[in-house]
Amino acid sequence: MVKAVDLIEDIKVKINGKSIAVIGAGGLGGYIIGLTSRLGLSKIFIFDGDLFTTSNIDRQLYCQKDTLGRNKAEVAAESCSAIGVTETIAIQDYFGEEYFDLIKDVDCVVDATDNVTTRRLLEKFGEAYSIPIIHGAIDGMYGHVAVVRPGDKTITKLYRVEVRKPGKTFSFVPSLIASIQVSQMTKLLSGGRTLRKGELLIVDFATSNTQIINI
Amino acid sequence: MIKVEFFGLYRLNYGMAEWETDAKDINDLLKKLHAFNPFYTVKELKNSIILVNGKNFMDLKKYRTKLNPGDEVFIMSPASGG
């Protein structure tokens, strides 16, 4: 019988040496970077062109008085580097096609962006380089997660046109959705069972409702 | 009657979890939803994730998917923030 402790060690060994890219270092991205920085990955690329402002302080992990006005990717990378487990590379810019080559060797990309246009670009990148995307998005009191493998077209199905600008949220929304994304990423990189093609895990904090739907 | 279950922002902005109505197809349902509460335009509602008895309407006949009494429709707007 496999003991739980052996299972955890096995997963740790399997993800050791893997590299990822996190697109966005704000609400979702901050928590994703905070969680992944202790997993034993070899390298994390962090993309964000935004600077921290006072409007971020209610929900973004690395936004505090002394980081206001600083680039989000830079601050997140500093925190990650200080832990000393993983090499961290901050790209102080928004993700675009010009960066495809830079991250073409990562094992997966974690979606923490805040707009549909970049998500479509991530899907295009994943298709071009056969790299899975761990999709996550939040809005107000709910969020969703999907594992998008090349060919799935989940982003295309999810966002048929542009959607309204997201509403305000609380820190517990991005932190839980980020945690689910990191758990899916960890299982994917270690060969475990993840959400399947077309499955969207949705969490509604307003009604304490969680379910998986097929899109 | 058709049972409509709202999810995410729809549930908050319509102020209810469920709604019952009659509609011949998805097009008709979205028009009735807009007439019931105009917060979302029909165009915005057309971007919803819609499941009819658990099946994505995009895999059925899209906006022309027929609805029958007793059908359950799940409707949510995709989140886009990060």
# chains A, B, ... in the order shown; residues from 1 in each chain; ligands from 1

$ closest_atom_pairs --of "chain A" --to "chain B" --cutoff "6 Å" --atoms "only C-alpha atoms" --output "tab-separated table"
residue	atom	partner	partner_atom	distance
A:Gly27	CA	B:Gly82	CA	5.6
A:Leu28	CA	B:Gly82	CA	5.2
A:Ala112	CA	B:Gly82	CA	5.1
A:Thr113	CA	B:Gly82	CA	5.0
A:Asp114	CA	B:Gly81	CA	4.2
A:Asn115	CA	B:Ser80	CA	5.7
A:Ala137	CA	B:Ser80	CA	5.3
A:Ile138	CA	B:Gly81	CA	4.8
A:Asp139	CA	B:Ala79	CA	5.0
A:Tyr142	CA	B:Gly8	CA	5.7
A:Pro166	CA	B:Gly81	CA	5.3
A:Ile215	CA	B:Asn56	CA	5.6

$ select_by_dssp --residues "chain B" --states "helix (DSSP H, G or I)" --output "PyMOL selection string"
chain B and resi 9-14+26-36+42-45+57-59+62-64

$ write_last_selection --atoms "N, CA and C atoms" --output "mmCIF file, in the first residue's frame"
data_model
loop_
_atom_site.group_PDB
_atom_site.id
_atom_site.type_symbol
_atom_site.label_atom_id
_atom_site.label_comp_id
_atom_site.auth_asym_id
_atom_site.auth_seq_id
_atom_site.Cartn_x
_atom_site.Cartn_y
_atom_site.Cartn_z
ATOM 1 N N LEU B 9 -21.737 36.077 -11.526
ATOM 2 C CA LEU B 9 -22.251 37.451 -11.466
ATOM 3 C C LEU B 9 -23.734 37.527 -11.786
ATOM 4 N N TYR B 10 -24.232 36.638 -12.635
ATOM 5 C CA TYR B 10 -25.661 36.660 -12.952
ATOM 6 C C TYR B 10 -26.488 36.482 -11.673
ATOM 7 N N ARG B 11 -26.024 35.561 -10.835
ATOM 8 C CA ARG B 11 -26.769 35.273 -9.606
ATOM 9 C C ARG B 11 -26.815 36.523 -8.725
ATOM 10 N N LEU B 12 -25.680 37.256 -8.674
ATOM 11 C CA LEU B 12 -25.642 38.470 -7.857
ATOM 12 C C LEU B 12 -26.444 39.595 -8.491
ATOM 13 N N ASN B 13 -26.260 39.798 -9.800
ATOM 14 C CA ASN B 13 -26.902 40.944 -10.451
ATOM 15 C C ASN B 13 -28.407 40.744 -10.676
ATOM 16 N N TYR B 14 -28.837 39.498 -10.831
ATOM 17 C CA TYR B 14 -30.280 39.247 -10.928
ATOM 18 C C TYR B 14 -30.898 39.059 -9.545
ATOM 19 N N ILE B 26 -33.216 28.826 -27.000
ATOM 20 C CA ILE B 26 -32.275 29.671 -26.247
ATOM 21 C C ILE B 26 -32.431 31.138 -26.646
ATOM 22 N N ASN B 27 -32.585 31.428 -27.928
ATOM 23 C CA ASN B 27 -32.802 32.807 -28.381
ATOM 24 C C ASN B 27 -33.968 33.440 -27.634
ATOM 25 N N ASP B 28 -35.058 32.723 -27.586
ATOM 26 C CA ASP B 28 -36.260 33.198 -26.923
ATOM 27 C C ASP B 28 -36.004 33.387 -25.421
ATOM 28 N N LEU B 29 -35.278 32.456 -24.833
ATOM 29 C CA LEU B 29 -34.988 32.536 -23.395
ATOM 30 C C LEU B 29 -34.175 33.793 -23.074
ATOM 31 N N LEU B 30 -33.149 34.080 -23.902
ATOM 32 C CA LEU B 30 -32.301 35.246 -23.632
ATOM 33 C C LEU B 30 -33.094 36.548 -23.774
ATOM 34 N N LYS B 31 -33.994 36.605 -24.733
ATOM 35 C CA LYS B 31 -34.853 37.789 -24.896
ATOM 36 C C LYS B 31 -35.762 37.960 -23.680
ATOM 37 N N LYS B 32 -36.297 36.856 -23.181
ATOM 38 C CA LYS B 32 -37.187 36.921 -22.017
ATOM 39 C C LYS B 32 -36.412 37.321 -20.757
ATOM 40 N N LEU B 33 -35.167 36.850 -20.695
ATOM 41 C CA LEU B 33 -34.319 37.192 -19.549
ATOM 42 C C LEU B 33 -34.026 38.692 -19.550
ATOM 43 N N HIS B 34 -33.753 39.241 -20.723
ATOM 44 C CA HIS B 34 -33.484 40.676 -20.841
ATOM 45 C C HIS B 34 -34.743 41.479 -20.511
ATOM 46 N N ALA B 35 -35.888 41.012 -20.966
ATOM 47 C CA ALA B 35 -37.154 41.713 -20.681
ATOM 48 C C ALA B 35 -37.470 41.661 -19.181
ATOM 49 N N PHE B 36 -37.137 40.544 -18.556
ATOM 50 C CA PHE B 36 -37.388 40.360 -17.122
ATOM 51 C C PHE B 36 -36.498 41.297 -16.298
ATOM 52 N N VAL B 42 -29.081 41.540 -24.557
ATOM 53 C CA VAL B 42 -29.187 40.220 -25.193
ATOM 54 C C VAL B 42 -27.827 39.833 -25.780
ATOM 55 N N LYS B 43 -27.116 40.834 -26.324
ATOM 56 C CA LYS B 43 -25.791 40.567 -26.911
ATOM 57 C C LYS B 43 -24.831 40.036 -25.837
ATOM 58 N N GLU B 44 -24.875 40.648 -24.649
ATOM 59 C CA GLU B 44 -24.006 40.171 -23.564
ATOM 60 C C GLU B 44 -24.422 38.768 -23.117
ATOM 61 N N LEU B 45 -25.706 38.560 -23.027
ATOM 62 C CA LEU B 45 -26.200 37.239 -22.600
ATOM 63 C C LEU B 45 -25.789 36.150 -23.581
ATOM 64 N N PHE B 57 -24.741 24.232 -24.880
ATOM 65 C CA PHE B 57 -25.632 24.526 -26.018
ATOM 66 C C PHE B 57 -24.854 24.718 -27.323
ATOM 67 N N MET B 58 -23.539 25.013 -27.207
ATOM 68 C CA MET B 58 -22.731 25.170 -28.420
ATOM 69 C C MET B 58 -22.535 23.820 -29.120
ATOM 70 N N ASP B 59 -22.687 22.749 -28.355
ATOM 71 C CA ASP B 59 -22.586 21.412 -28.943
ATOM 72 C C ASP B 59 -23.956 20.896 -29.385
ATOM 73 N N LYS B 62 -26.917 25.493 -30.727
ATOM 74 C CA LYS B 62 -26.570 26.852 -30.306
ATOM 75 C C LYS B 62 -27.820 27.637 -29.901
ATOM 76 N N TYR B 63 -28.000 28.827 -30.443
ATOM 77 C CA TYR B 63 -29.108 29.682 -29.996
ATOM 78 C C TYR B 63 -30.468 29.131 -30.439
ATOM 79 N N ARG B 64 -30.450 28.185 -31.362
ATOM 80 C CA ARG B 64 -31.711 27.581 -31.822
ATOM 81 C C ARG B 64 -32.022 26.274 -31.094
#

$ select_by_dssp --residues "chain B" --states "strand (DSSP E)" --output "VMD selection string"
chain B and resid 2 to 7 18 to 21 49 to 52 55 to 56 72 to 76

$ atom_distance --atom1 "atom CA of A:Thr86" --atom2 "atom CA of A:Asp105"
16.3 Å

$ residues_around --residues "B:Asn53" --least-positions-apart "6" --cutoff "12 Å" --atoms "only C-alpha atoms" --output "number ranges by chain"
A: 213-214; B: 2-5, 60, 65-75

$ residues_around --residues "A:Tyr159" --least-positions-apart "2" --cutoff "8 Å" --atoms "only C-alpha atoms" --output "MDAnalysis selection string"
(chainID A and resid 116 155:157 161:163) or (chainID B and resid 47 78)

$ write_last_selection --atoms "C-alpha atoms" --output "PDB file, in the first residue's frame"
ATOM      1  CA  VAL A 116      -9.431  37.897 -22.660  1.00  0.00           C
ATOM      2  CA  ILE A 155     -10.289  29.389 -23.972  1.00  0.00           C
ATOM      3  CA  THR A 156     -11.943  29.782 -27.380  1.00  0.00           C
ATOM      4  CA  LYS A 157     -15.091  28.075 -26.079  1.00  0.00           C
ATOM      5  CA  VAL A 161     -16.550  37.690 -27.366  1.00  0.00           C
ATOM      6  CA  GLU A 162     -15.084  40.281 -24.999  1.00  0.00           C
ATOM      7  CA  VAL A 163     -16.707  40.346 -21.565  1.00  0.00           C
TER       8      VAL A 163
ATOM      9  CA  ASN B  47     -21.669  35.265 -24.560  1.00  0.00           C
ATOM     10  CA  PRO B  78     -17.193  33.643 -17.751  1.00  0.00           C
TER      11      PRO B  78
END

$ closest_residue --among "A:His144, A:Phe172, A:Ile177, A:Ile133" --to "A:Leu201" --atoms "only C-alpha atoms"
A:His144

$ residues_around --residues "A:Ser19" --least-positions-apart "3" --cutoff "6 Å" --atoms "only C-alpha atoms" --output "ChimeraX atom specification"
/A:41-44,106-107

$ write_last_selection --atoms "C-alpha atoms" --output "short mmCIF file (atom, residue, chain, number, x, y, z; two decimals), in the first residue's frame"
data_model
loop_
_atom_site.label_atom_id
_atom_site.label_comp_id
_atom_site.auth_asym_id
_atom_site.auth_seq_id
_atom_site.Cartn_x
_atom_site.Cartn_y
_atom_site.Cartn_z
CA LEU A 41 10.67 23.93 -9.37
CA SER A 42 13.89 24.86 -11.16
CA LYS A 43 12.76 28.09 -12.82
CA ILE A 44 9.81 30.48 -12.81
CA VAL A 106 8.75 25.59 -19.95
CA ASP A 107 6.70 22.61 -18.79
#
